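Here's the structure we're looking at; comments come further down.
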Amino acid sequence: MDSIIRLHASSGTTGKPTVVGYTRNDLNLWSELTARALAASGAKPGIIIQNTYGYSLATGGLGFHYGIERIGATVVPASGSSPQRNLTLLQDFSSGIILSTPSYIYSISEVAENEGIDLRSLPVAAGIFGAESWSEALRHDIEKRWNIVAYNTYGLSEVIGPGSSRVSSSSWSAYL
């Protein structure tokens, strides 16, 4: 434990959560891997990225957060905000990429549609979605509603969270 500087835990969906300790070297490697995954989806210095993943024991929020900072982009740590607040943040900060679960992006979509906001008018060019399963049909629906490229990602606490997988879009599916 002398070298452990952060603890995370799995969701525990199959029982008791698995707790994982991270060293400083682990966190440096993790932020580098996450930065690379983000870069594969168009992230670069100067872009604003809205992170709706939870900042908690789960690895999503913090994993992406440090990757965004590592790449030199600007992070909007919108975790825990309501769908309405996230929509307002997207508009106010002109976020170019949004990170979310597929189901949560649908919650934001519903608010926009109820308020008569055309999602395609937002400056969002890409979305990175994960932490739950979703289908290709859902990916295509999100891409059409938002006029974005929808990337799929996953991670697991035991081998580093986000960044442990390759971010992929439907345009890559022919090559996978």
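Order determines the names: the first chain of the structure tokens is A, the second B, and so forth; residues in each chain are numbered 1 upward, and ligands are numbered 1 upward as they are shown.
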Alpha helix (DSSP H) positions in segment 47-174 of chain A, given as a VMD selection string: chain A and resid 60 to 71 83 to 93 102 to 114 136 to 146
Atoms kept (C-alpha atoms) for selection, written as a compact mmCIF listing (two decimals), in the first residue's frame:
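Final output, saved to part.txt:
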```txt
# COMPACT_ATOMS: atom_id res chain seq x y z
CA GLY A 60 -14.78 6.49 -16.24
CA GLY A 61 -14.87 10.07 -15.03
CA LEU A 62 -11.35 10.40 -13.70
CA GLY A 63 -9.85 8.14 -16.37
CA PHE A 64 -11.13 10.32 -19.17
CA HIS A 65 -10.49 13.52 -17.21
CA TYR A 66 -6.75 12.94 -16.93
CA GLY A 67 -6.53 11.78 -20.55
CA ILE A 68 -8.21 14.99 -21.69
CA GLU A 69 -5.78 17.10 -19.70
CA ARG A 70 -2.83 14.99 -20.92
CA ILE A 71 -3.73 15.64 -24.54
CA PRO A 83 -29.51 16.38 -18.70
CA GLN A 84 -30.79 19.99 -18.91
CA ARG A 85 -27.59 21.33 -17.36
CA ASN A 86 -25.46 19.21 -19.69
CA LEU A 87 -27.36 20.57 -22.68
CA THR A 88 -26.81 24.13 -21.45
CA LEU A 89 -23.10 23.42 -20.94
CA LEU A 90 -22.83 22.02 -24.48
CA GLN A 91 -24.36 25.23 -25.81
CA ASP A 92 -22.48 27.65 -23.55
CA PHE A 93 -19.01 26.11 -23.87
CA PRO A 102 -25.45 5.70 -24.52
CA SER A 103 -28.51 5.87 -22.27
CA TYR A 104 -27.50 9.24 -20.80
CA ILE A 105 -26.96 10.80 -24.23
CA TYR A 106 -30.56 9.78 -24.92
CA SER A 107 -31.67 11.66 -21.79
CA ILE A 108 -29.93 14.78 -23.09
CA SER A 109 -31.52 14.17 -26.51
CA GLU A 110 -35.00 14.02 -25.00
CA VAL A 111 -34.52 17.32 -23.18
CA ALA A 112 -33.31 18.98 -26.38
CA GLU A 113 -36.24 17.64 -28.38
CA ASN A 114 -38.72 18.75 -25.69
CA GLU A 136 -25.03 -0.66 -33.94
CA ALA A 137 -28.62 0.47 -34.54
CA LEU A 138 -28.43 2.70 -31.47
CA ARG A 139 -25.07 4.06 -32.61
CA HIS A 140 -26.52 4.98 -36.01
CA ASP A 141 -29.53 6.61 -34.37
CA ILE A 142 -27.29 8.75 -32.15
CA GLU A 143 -25.13 9.71 -35.12
CA LYS A 144 -28.19 10.75 -37.09
CA ARG A 145 -29.85 12.71 -34.24
CA TRP A 146 -26.68 14.58 -33.31
```
Using only C-alpha atoms, what does the table of segment 26-67 of chain A residues within 12 Å of segment 160-163 of chain A look like, with each row giving the shortest atom pair and its distance in Å to one decimal, sorted by chain and ascending number, as CSV?
```
residue,atom,partner,partner_atom,distance
A:Asp26,CA,A:Ile160,CA,8.0
A:Leu27,CA,A:Ile160,CA,8.6
A:Asn28,CA,A:Ile160,CA,11.0
A:Leu29,CA,A:Ile160,CA,9.0
A:Trp30,CA,A:Ile160,CA,6.4
A:Ser31,CA,A:Gly163,CA,7.7
A:Glu32,CA,A:Gly163,CA,8.1
A:Leu33,CA,A:Gly163,CA,4.9
A:Thr34,CA,A:Gly163,CA,3.9
A:Ala35,CA,A:Gly163,CA,7.5
A:Arg36,CA,A:Gly163,CA,7.5
A:Ala37,CA,A:Gly163,CA,5.8
A:Leu38,CA,A:Gly163,CA,8.2
A:Ala39,CA,A:Gly163,CA,10.9
A:Ala40,CA,A:Gly163,CA,10.9
A:Tyr53,CA,A:Pro162,CA,10.7
A:Leu57,CA,A:Gly161,CA,10.9
A:Ala58,CA,A:Gly161,CA,8.2
A:Thr59,CA,A:Gly161,CA,5.1
A:Gly60,CA,A:Pro162,CA,6.0
A:Gly61,CA,A:Pro162,CA,8.9
A:Leu62,CA,A:Gly161,CA,9.2
A:Gly63,CA,A:Pro162,CA,5.8
A:Phe64,CA,A:Pro162,CA,6.5
A:His65,CA,A:Pro162,CA,10.1
A:Tyr66,CA,A:Pro162,CA,10.5
A:Gly67,CA,A:Gly163,CA,8.3
```
Shortest interatomic distance to Tyr55 of chain A - which of A:His8, A:Thr18, A:Ser157, A:Ser94, counting only C-alpha atoms: A:His8
Filtered DSSP result for segment 11-86 of chain A, state strand (DSSP E), as a ChimeraX atom specification: /A:19-23,48-51,74-77
Minimum-distance residue to Ile148 of chain A, chosen among A:Gly46, A:Gly96, A:Gly116, A:Gly54 (using only C-alpha atoms): A:Gly96
Length of the atom CA of Val124 of chain A to atom CA of Ser56 of chain A vector [Å]: 25.3 Å
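Relative to atom CA of Glu132 of chain A, atom CA of Ser10 of chain A is found at 13.0 Å.
Interatomic distance, atom CA of Phe129 of chain A against atom CA of Glu158 of chain A: 19.8 Å.
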